[in-house]
Amino acid sequence: MSNKSIISTENAPAAIGPYSQAVKVGNMVFLSGQIPLDPKTMEVVTSSFEAQAVQVFENLKAVAEAAGGTMADFVKINIFLTDLANFGSVNEIMQRYFSAPFPARAAIGVKELPKGVDVEVEGIMSL
């Protein structure tokens, strides 16, 4: 597949496994899940759920920009929550980063996430 390229930026956390921050194929960009890691320290943001969610969306924004896009280019996101009681909070925070028309979305309750975080978000962009 000759039109596949790897997206990487120091403005988002380095991959902590055998994966890329994002892969671009044609005009589509597939972003790996982001957890609330501060890219400068690689430490988990733990002060509150809101702080975690904001860091996740900031990380996604950095990868989107490295791919040559913006948050408006997302067509699909998947949100993983360890506690669905945070559903309302994640909706409110998401509206700080996206405006209508919103991307398609799934919000999924999961038992646990890497490094014990409360939220992870992945997405697909169309440039």
# chains A, B, ... in the order shown; residues from 1 in each chain; ligands from 1
>>> residues_around(residues="Leu31 in chain A", least_positions_apart="3", cutoff="9 Å", atoms="only C-alpha atoms", output="count of residues only")
14
>>> residues_around(residues="Asp38 in chain A", least_positions_apart="6", cutoff="8 Å", atoms="only C-alpha atoms", output="PyMOL selection string")
chain A and resi 12-13+44-45+55
>>> residues_around(residues="Asn91 in chain A", least_positions_apart="3", cutoff="12 Å", atoms="only C-alpha atoms", output="tab-separated table (two decimals) with N, CA, C and O atoms, in the first residue's frame")
chain	number	residue	atom	x	y	z
A	50	GLU	N	-12.48	15.43	34.53
A	50	GLU	CA	-12.45	16.51	33.54
A	50	GLU	C	-11.04	16.74	33.02
A	50	GLU	O	-10.82	16.87	31.82
A	53	ALA	N	-10.13	13.96	30.62
A	53	ALA	CA	-10.80	14.07	29.32
A	53	ALA	C	-10.21	15.21	28.49
A	53	ALA	O	-9.99	15.05	27.28
A	54	VAL	N	-9.93	16.34	29.13
A	54	VAL	CA	-9.33	17.47	28.41
A	54	VAL	C	-7.97	17.05	27.84
A	54	VAL	O	-7.67	17.32	26.67
A	57	PHE	N	-8.45	14.86	24.71
A	57	PHE	CA	-8.82	15.62	23.51
A	57	PHE	C	-7.69	16.52	23.04
A	57	PHE	O	-7.52	16.71	21.83
A	79	ILE	N	-15.29	6.54	22.25
A	79	ILE	CA	-14.92	6.93	23.61
A	79	ILE	C	-15.09	5.72	24.51
A	79	ILE	O	-16.14	5.06	24.49
A	81	LEU	N	-15.00	4.49	28.44
A	81	LEU	CA	-15.12	5.00	29.81
A	81	LEU	C	-15.15	3.84	30.79
A	81	LEU	O	-15.87	2.86	30.57
A	84	LEU	N	-19.59	4.78	33.29
A	84	LEU	CA	-20.55	5.49	32.44
A	84	LEU	C	-21.23	6.65	33.16
A	84	LEU	O	-21.90	7.46	32.53
A	85	ALA	N	-20.99	6.80	34.46
A	85	ALA	CA	-21.47	7.98	35.17
A	85	ALA	C	-20.78	9.24	34.64
A	85	ALA	O	-21.27	10.35	34.84
A	86	ASN	N	-19.64	9.07	33.95
A	86	ASN	CA	-18.91	10.21	33.37
A	86	ASN	C	-19.41	10.58	31.98
A	86	ASN	O	-18.85	11.47	31.33
A	87	PHE	N	-20.48	9.92	31.51
A	87	PHE	CA	-21.02	10.16	30.17
A	87	PHE	C	-21.37	11.63	29.96
A	87	PHE	O	-21.01	12.23	28.95
A	88	GLY	N	-22.08	12.24	30.91
A	88	GLY	CA	-22.46	13.65	30.79
A	88	GLY	C	-21.25	14.57	30.75
A	88	GLY	O	-21.21	15.52	29.96
A	94	MET	N	-16.46	17.23	25.24
A	94	MET	CA	-16.38	17.01	23.79
A	94	MET	C	-16.87	18.25	23.03
A	94	MET	O	-16.32	18.60	21.99
A	95	GLN	N	-17.89	18.92	23.57
A	95	GLN	CA	-18.42	20.10	22.89
A	95	GLN	C	-17.46	21.28	22.88
A	95	GLN	O	-17.63	22.23	22.11
A	96	ARG	N	-16.42	21.22	23.71
A	96	ARG	CA	-15.37	22.25	23.65
A	96	ARG	C	-14.47	22.05	22.44
A	96	ARG	O	-13.80	22.98	21.99
A	97	TYR	N	-14.42	20.83	21.92
A	97	TYR	CA	-13.49	20.48	20.85
A	97	TYR	C	-14.17	20.27	19.50
A	97	TYR	O	-13.52	20.32	18.47
A	98	PHE	N	-15.48	20.01	19.50
A	98	PHE	CA	-16.21	19.74	18.27
A	98	PHE	C	-17.44	20.64	18.22
A	98	PHE	O	-18.02	20.97	19.25
A	99	SER	N	-17.83	21.02	16.99
A	99	SER	CA	-19.07	21.75	16.82
A	99	SER	C	-19.86	21.07	15.70
A	99	SER	O	-19.31	20.27	14.94
A	102	PHE	N	-21.46	17.23	14.21
A	102	PHE	CA	-20.56	16.42	15.03
A	102	PHE	C	-20.17	15.13	14.31
A	102	PHE	O	-20.91	14.65	13.45
A	105	ARG	N	-20.22	8.72	16.62
A	105	ARG	CA	-19.54	8.41	17.87
A	105	ARG	C	-20.13	7.17	18.52
A	105	ARG	O	-21.32	6.89	18.39
A	106	ALA	N	-19.28	6.49	19.25
A	106	ALA	CA	-19.72	5.45	20.18
A	106	ALA	C	-19.11	5.79	21.53
A	106	ALA	O	-17.99	6.30	21.59
A	107	ALA	N	-19.86	5.55	22.59
A	107	ALA	CA	-19.35	5.70	23.96
A	107	ALA	C	-19.56	4.35	24.63
A	107	ALA	O	-20.69	3.89	24.75
>>> residues_around(residues="Leu113 in chain A", least_positions_apart="2", cutoff="12 Å", atoms="only C-alpha atoms", output="PyMOL selection string")
chain A and resi 33-36+79-83+108-111+115-121
>>> closest_residue(among="A:Val56, A:Ala15, A:Glu10, A:Glu65", to="Lys40 in chain A", atoms="only C-alpha atoms")
A:Glu10
>>> closest_residue(among="A:Asn11, A:Thr70, A:Asn78, A:Ser89", to="Phe49 in chain A", atoms="only C-alpha atoms")
A:Ser89
>>> atom_distance(atom1="CA of Pro18 in chain A", atom2="CA of Ser48 in chain A")
28.7 Å
>>> atom_distance(atom1="CA of Val90 in chain A", atom2="CA of Met42 in chain A")
22.2 Å
>>> residues_around(residues="Val25 in chain A", least_positions_apart="6", cutoff="8 Å", atoms="only C-alpha atoms", output="ChimeraX atom specification")
/A:3-5
>>> closest_residue(among="A:Val29, A:Ala14, A:Ala67, A:Ala104", to="Ser126 in chain A", atoms="only C-alpha atoms")
A:Val29
>>> closest_residue(among="A:Ala51, A:Ile93, A:Leu127, A:Ala72", to="Phe30 in chain A", atoms="only C-alpha atoms")
A:Leu127
>>> select_by_dssp(residues="chain A", states="strand (DSSP E or B)", output="PyMOL selection string")
chain A and resi 4-7+22-25+28-34+37+44+74-81+104-109+119-126
>>> select_by_dssp(residues="chain A", states="helix (DSSP H, G or I)", output="PyMOL selection string")
chain A and resi 49-66+71-73+84-97+114-116
>>> atom_distance(atom1="CA of Gly26 in chain A", atom2="CA of Ile77 in chain A")
18.8 Å
